[in-house]
Amino acid sequence: MGEHKTGRIRTRRSQQRGASVGYPHWWHFRTRAADKGGSLSSKLTAYLSVATFVGGLASDKMLAQTEPEAERPNIIDLPIQWDSNRHDLSLEYIRAHHELIWDKPETVPRMIVIHWTAAPTLQSSFNGFDPVVLPGRNNLQGAGRLNVSAHYLVDREGTIYQLMPETRFARHVIGLNYCAIGIENVGGGDQYPLTKAQFTANLALSKYLLDKYPAIRYVIGHHESPRFKEHPFYRESDPDYVTRKSDPGDDFILRLRNQIGKRAESPPEM
Ligand SMILES: [Zn+2]
């Protein structure tokens, strides 16, 4: 619970308190005077006083909050293993691949990347991320021993599980891990097409994360990540370290961005 109480939400709460109890007497007086007639100039003065008062209080950020913020969806904690070995392997990966020297494997999220696990159940999907060290996936082994993971895992019927804190480093998208929150979906592909409930959960979770982290600009599908190769966000020391991905596909991600609206930018054109 404590984690989602960001400064932004506190700001909105204090603003709401101000609206109910904090306004001075003249606010009500002038507002009533403006509503109940009087000359045009006295009305104008009244409105200007109110406008100046409100304008003086409101920063751009507060004004932006006239739009409702996304509710935190229901999230169940289901942590994968985190120990000193995973910590060290994360820092090693960050140094070797992103060429960043960090003291802690803690990120500032700037994008959300949507995936599917291609495994049919919650348990089999979880089992893929839980081990600290990458189990025999040969195409990835040469690129470090840190196992792949993600921050969220959405089950077939839409339940959202959190596998690790959102700002902890996770390996799930080449070149962009150090700034990306990963959302995995159980299933996928022709055999287990992602469900409506998963779409709804991804939409709610993405909206919530976009509100929580103002630095997030993009919501992309894993298959779109190669489009960032020339983007300043992309950091990968090995130019040959590339894997072709198809998850979660254009249909899913285009509909998702469309429903999120302009807050989620599309990836660069190839
Ligand atoms: Zn993926």
# chains A, B, ... in the order shown; residues from 1 in each chain; ligands from 1
>>> residues_near_ligand(ligand="ligand 1", cutoff="12 Å", atoms="only C-alpha atoms and all ligand atoms", output="JSON, numbers by chain")
{"A": [112, 113, 114, 115, 116, 117, 118, 119, 148, 149, 150, 153, 171, 172, 173, 174, 177, 181, 182, 183, 184, 185, 186, 187, 188, 189, 220, 221, 222, 223, 224, 225, 243, 244, 245, 246, 247, 248, 249]}
>>> residues_around(residues="range 72-86 of chain A", least_positions_apart="6", cutoff="12 Å", atoms="only C-alpha atoms", output="PyMOL selection string")
chain A and resi 1-5+9+92-93+104-105+122-123+125-134+144-155+158-166+168-171+200-212
>>> residues_around(residues="His231 in chain A", least_positions_apart="4", cutoff="12 Å", atoms="only C-alpha atoms", output="JSON, numbers by chain")
{"A": [175, 176, 225, 226, 227, 235, 236, 267, 268, 269, 270]}
>>> write_last_selection(atoms="C-alpha atoms", output="mmCIF file, in the first residue's frame")
data_model
loop_
_atom_site.group_PDB
_atom_site.id
_atom_site.type_symbol
_atom_site.label_atom_id
_atom_site.label_comp_id
_atom_site.auth_asym_id
_atom_site.auth_seq_id
_atom_site.Cartn_x
_atom_site.Cartn_y
_atom_site.Cartn_z
ATOM 1 C CA GLY A 175 18.926 -2.524 -24.758
ATOM 2 C CA LEU A 176 16.171 -1.043 -22.578
ATOM 3 C CA SER A 225 11.747 -2.913 -29.087
ATOM 4 C CA PRO A 226 14.102 -3.112 -32.143
ATOM 5 C CA ARG A 227 12.530 0.181 -33.264
ATOM 6 C CA ARG A 235 21.994 1.038 -24.547
ATOM 7 C CA GLU A 236 23.500 -2.306 -25.571
ATOM 8 C CA PRO A 267 7.857 3.706 -30.589
ATOM 9 C CA PRO A 268 9.924 5.421 -33.306
ATOM 10 C CA GLU A 269 9.290 4.389 -36.911
ATOM 11 C CA MET A 270 11.889 2.015 -38.334
#
>>> closest_residue(among="A:Gly261, A:Pro120, A:Leu100, A:Val219", to="Gln191 in chain A", atoms="only C-alpha atoms")
A:Pro120
>>> atom_distance(atom1="CA of Ser237 in chain A", atom2="CA of Ile253 in chain A")
27.7 Å
>>> select_by_dssp(residues="range 77-260 of chain A", states="strand (DSSP E)", output="VMD selection string")
chain A and resid 77 111 to 114 152 to 154 160 to 162 180 to 185 218 to 221
>>> write_last_selection(atoms="N, CA and C atoms", output="PDB file, in the first residue's frame")
ATOM      1  N   ASP A  77       0.898  -9.620  -4.416  1.00  0.00           N
ATOM      2  CA  ASP A  77       2.346  -9.833  -4.355  1.00  0.00           C
ATOM      3  C   ASP A  77       2.679 -11.305  -4.553  1.00  0.00           C
ATOM      4  N   MET A 111       9.660   3.628 -19.621  1.00  0.00           N
ATOM      5  CA  MET A 111       8.771   2.954 -20.573  1.00  0.00           C
ATOM      6  C   MET A 111       8.195   1.699 -19.935  1.00  0.00           C
ATOM      7  N   ILE A 112       7.099   1.248 -20.535  1.00  0.00           N
ATOM      8  CA  ILE A 112       6.482  -0.015 -20.128  1.00  0.00           C
ATOM      9  C   ILE A 112       6.582  -0.951 -21.330  1.00  0.00           C
ATOM     10  N   VAL A 113       7.035  -2.175 -21.094  1.00  0.00           N
ATOM     11  CA  VAL A 113       7.131  -3.151 -22.179  1.00  0.00           C
ATOM     12  C   VAL A 113       6.213  -4.333 -21.854  1.00  0.00           C
ATOM     13  N   ILE A 114       5.328  -4.641 -22.808  1.00  0.00           N
ATOM     14  CA  ILE A 114       4.338  -5.709 -22.637  1.00  0.00           C
ATOM     15  C   ILE A 114       4.843  -6.991 -23.311  1.00  0.00           C
ATOM     16  N   TYR A 152       5.654  -7.493 -13.426  1.00  0.00           N
ATOM     17  CA  TYR A 152       4.269  -7.948 -13.264  1.00  0.00           C
ATOM     18  C   TYR A 152       4.009  -9.170 -14.128  1.00  0.00           C
ATOM     19  N   LEU A 153       3.070  -9.981 -13.666  1.00  0.00           N
ATOM     20  CA  LEU A 153       2.638 -11.154 -14.415  1.00  0.00           C
ATOM     21  C   LEU A 153       1.105 -11.198 -14.349  1.00  0.00           C
ATOM     22  N   VAL A 154       0.461 -11.173 -15.494  1.00  0.00           N
ATOM     23  CA  VAL A 154      -1.007 -11.138 -15.544  1.00  0.00           C
ATOM     24  C   VAL A 154      -1.524 -12.503 -15.967  1.00  0.00           C
ATOM     25  N   ILE A 160      -3.620  -9.657 -11.498  1.00  0.00           N
ATOM     26  CA  ILE A 160      -2.291  -9.046 -11.649  1.00  0.00           C
ATOM     27  C   ILE A 160      -1.411  -9.452 -10.465  1.00  0.00           C
ATOM     28  N   TYR A 161      -0.277 -10.052 -10.755  1.00  0.00           N
ATOM     29  CA  TYR A 161       0.689 -10.428  -9.717  1.00  0.00           C
ATOM     30  C   TYR A 161       1.937  -9.557  -9.874  1.00  0.00           C
ATOM     31  N   GLN A 162       2.441  -9.082  -8.738  1.00  0.00           N
ATOM     32  CA  GLN A 162       3.681  -8.297  -8.769  1.00  0.00           C
ATOM     33  C   GLN A 162       4.839  -9.195  -8.340  1.00  0.00           C
ATOM     34  N   ALA A 180      13.016   0.221 -18.079  1.00  0.00           N
ATOM     35  CA  ALA A 180      11.717  -0.326 -18.500  1.00  0.00           C
ATOM     36  C   ALA A 180      11.058  -1.179 -17.426  1.00  0.00           C
ATOM     37  N   ILE A 181       9.773  -0.961 -17.234  1.00  0.00           N
ATOM     38  CA  ILE A 181       8.953  -1.857 -16.428  1.00  0.00           C
ATOM     39  C   ILE A 181       8.396  -2.939 -17.356  1.00  0.00           C
ATOM     40  N   GLY A 182       8.527  -4.201 -16.949  1.00  0.00           N
ATOM     41  CA  GLY A 182       8.038  -5.306 -17.767  1.00  0.00           C
ATOM     42  C   GLY A 182       6.732  -5.863 -17.232  1.00  0.00           C
ATOM     43  N   ILE A 183       5.750  -6.011 -18.135  1.00  0.00           N
ATOM     44  CA  ILE A 183       4.489  -6.678 -17.790  1.00  0.00           C
ATOM     45  C   ILE A 183       4.387  -7.936 -18.650  1.00  0.00           C
ATOM     46  N   GLU A 184       4.392  -9.084 -18.009  1.00  0.00           N
ATOM     47  CA  GLU A 184       4.262 -10.366 -18.704  1.00  0.00           C
ATOM     48  C   GLU A 184       2.819 -10.848 -18.611  1.00  0.00           C
ATOM     49  N   ASN A 185       2.391 -11.545 -19.640  1.00  0.00           N
ATOM     50  CA  ASN A 185       1.053 -12.149 -19.650  1.00  0.00           C
ATOM     51  C   ASN A 185       1.189 -13.651 -19.823  1.00  0.00           C
ATOM     52  N   TYR A 218       6.754   5.847 -22.993  1.00  0.00           N
ATOM     53  CA  TYR A 218       6.313   4.871 -23.992  1.00  0.00           C
ATOM     54  C   TYR A 218       5.639   3.661 -23.352  1.00  0.00           C
ATOM     55  N   VAL A 219       4.650   3.141 -24.054  1.00  0.00           N
ATOM     56  CA  VAL A 219       4.119   1.812 -23.746  1.00  0.00           C
ATOM     57  C   VAL A 219       4.265   1.013 -25.037  1.00  0.00           C
ATOM     58  N   ILE A 220       5.123  -0.019 -25.001  1.00  0.00           N
ATOM     59  CA  ILE A 220       5.429  -0.728 -26.246  1.00  0.00           C
ATOM     60  C   ILE A 220       5.278  -2.232 -26.067  1.00  0.00           C
ATOM     61  N   GLY A 221       5.139  -2.913 -27.193  1.00  0.00           N
ATOM     62  CA  GLY A 221       5.201  -4.364 -27.194  1.00  0.00           C
ATOM     63  C   GLY A 221       6.661  -4.788 -27.302  1.00  0.00           C
TER      64      GLY A 221
END
>>> select_by_dssp(residues="range 27-266 of chain A", states="alpha helix (DSSP H)", output="count of residues only")
87
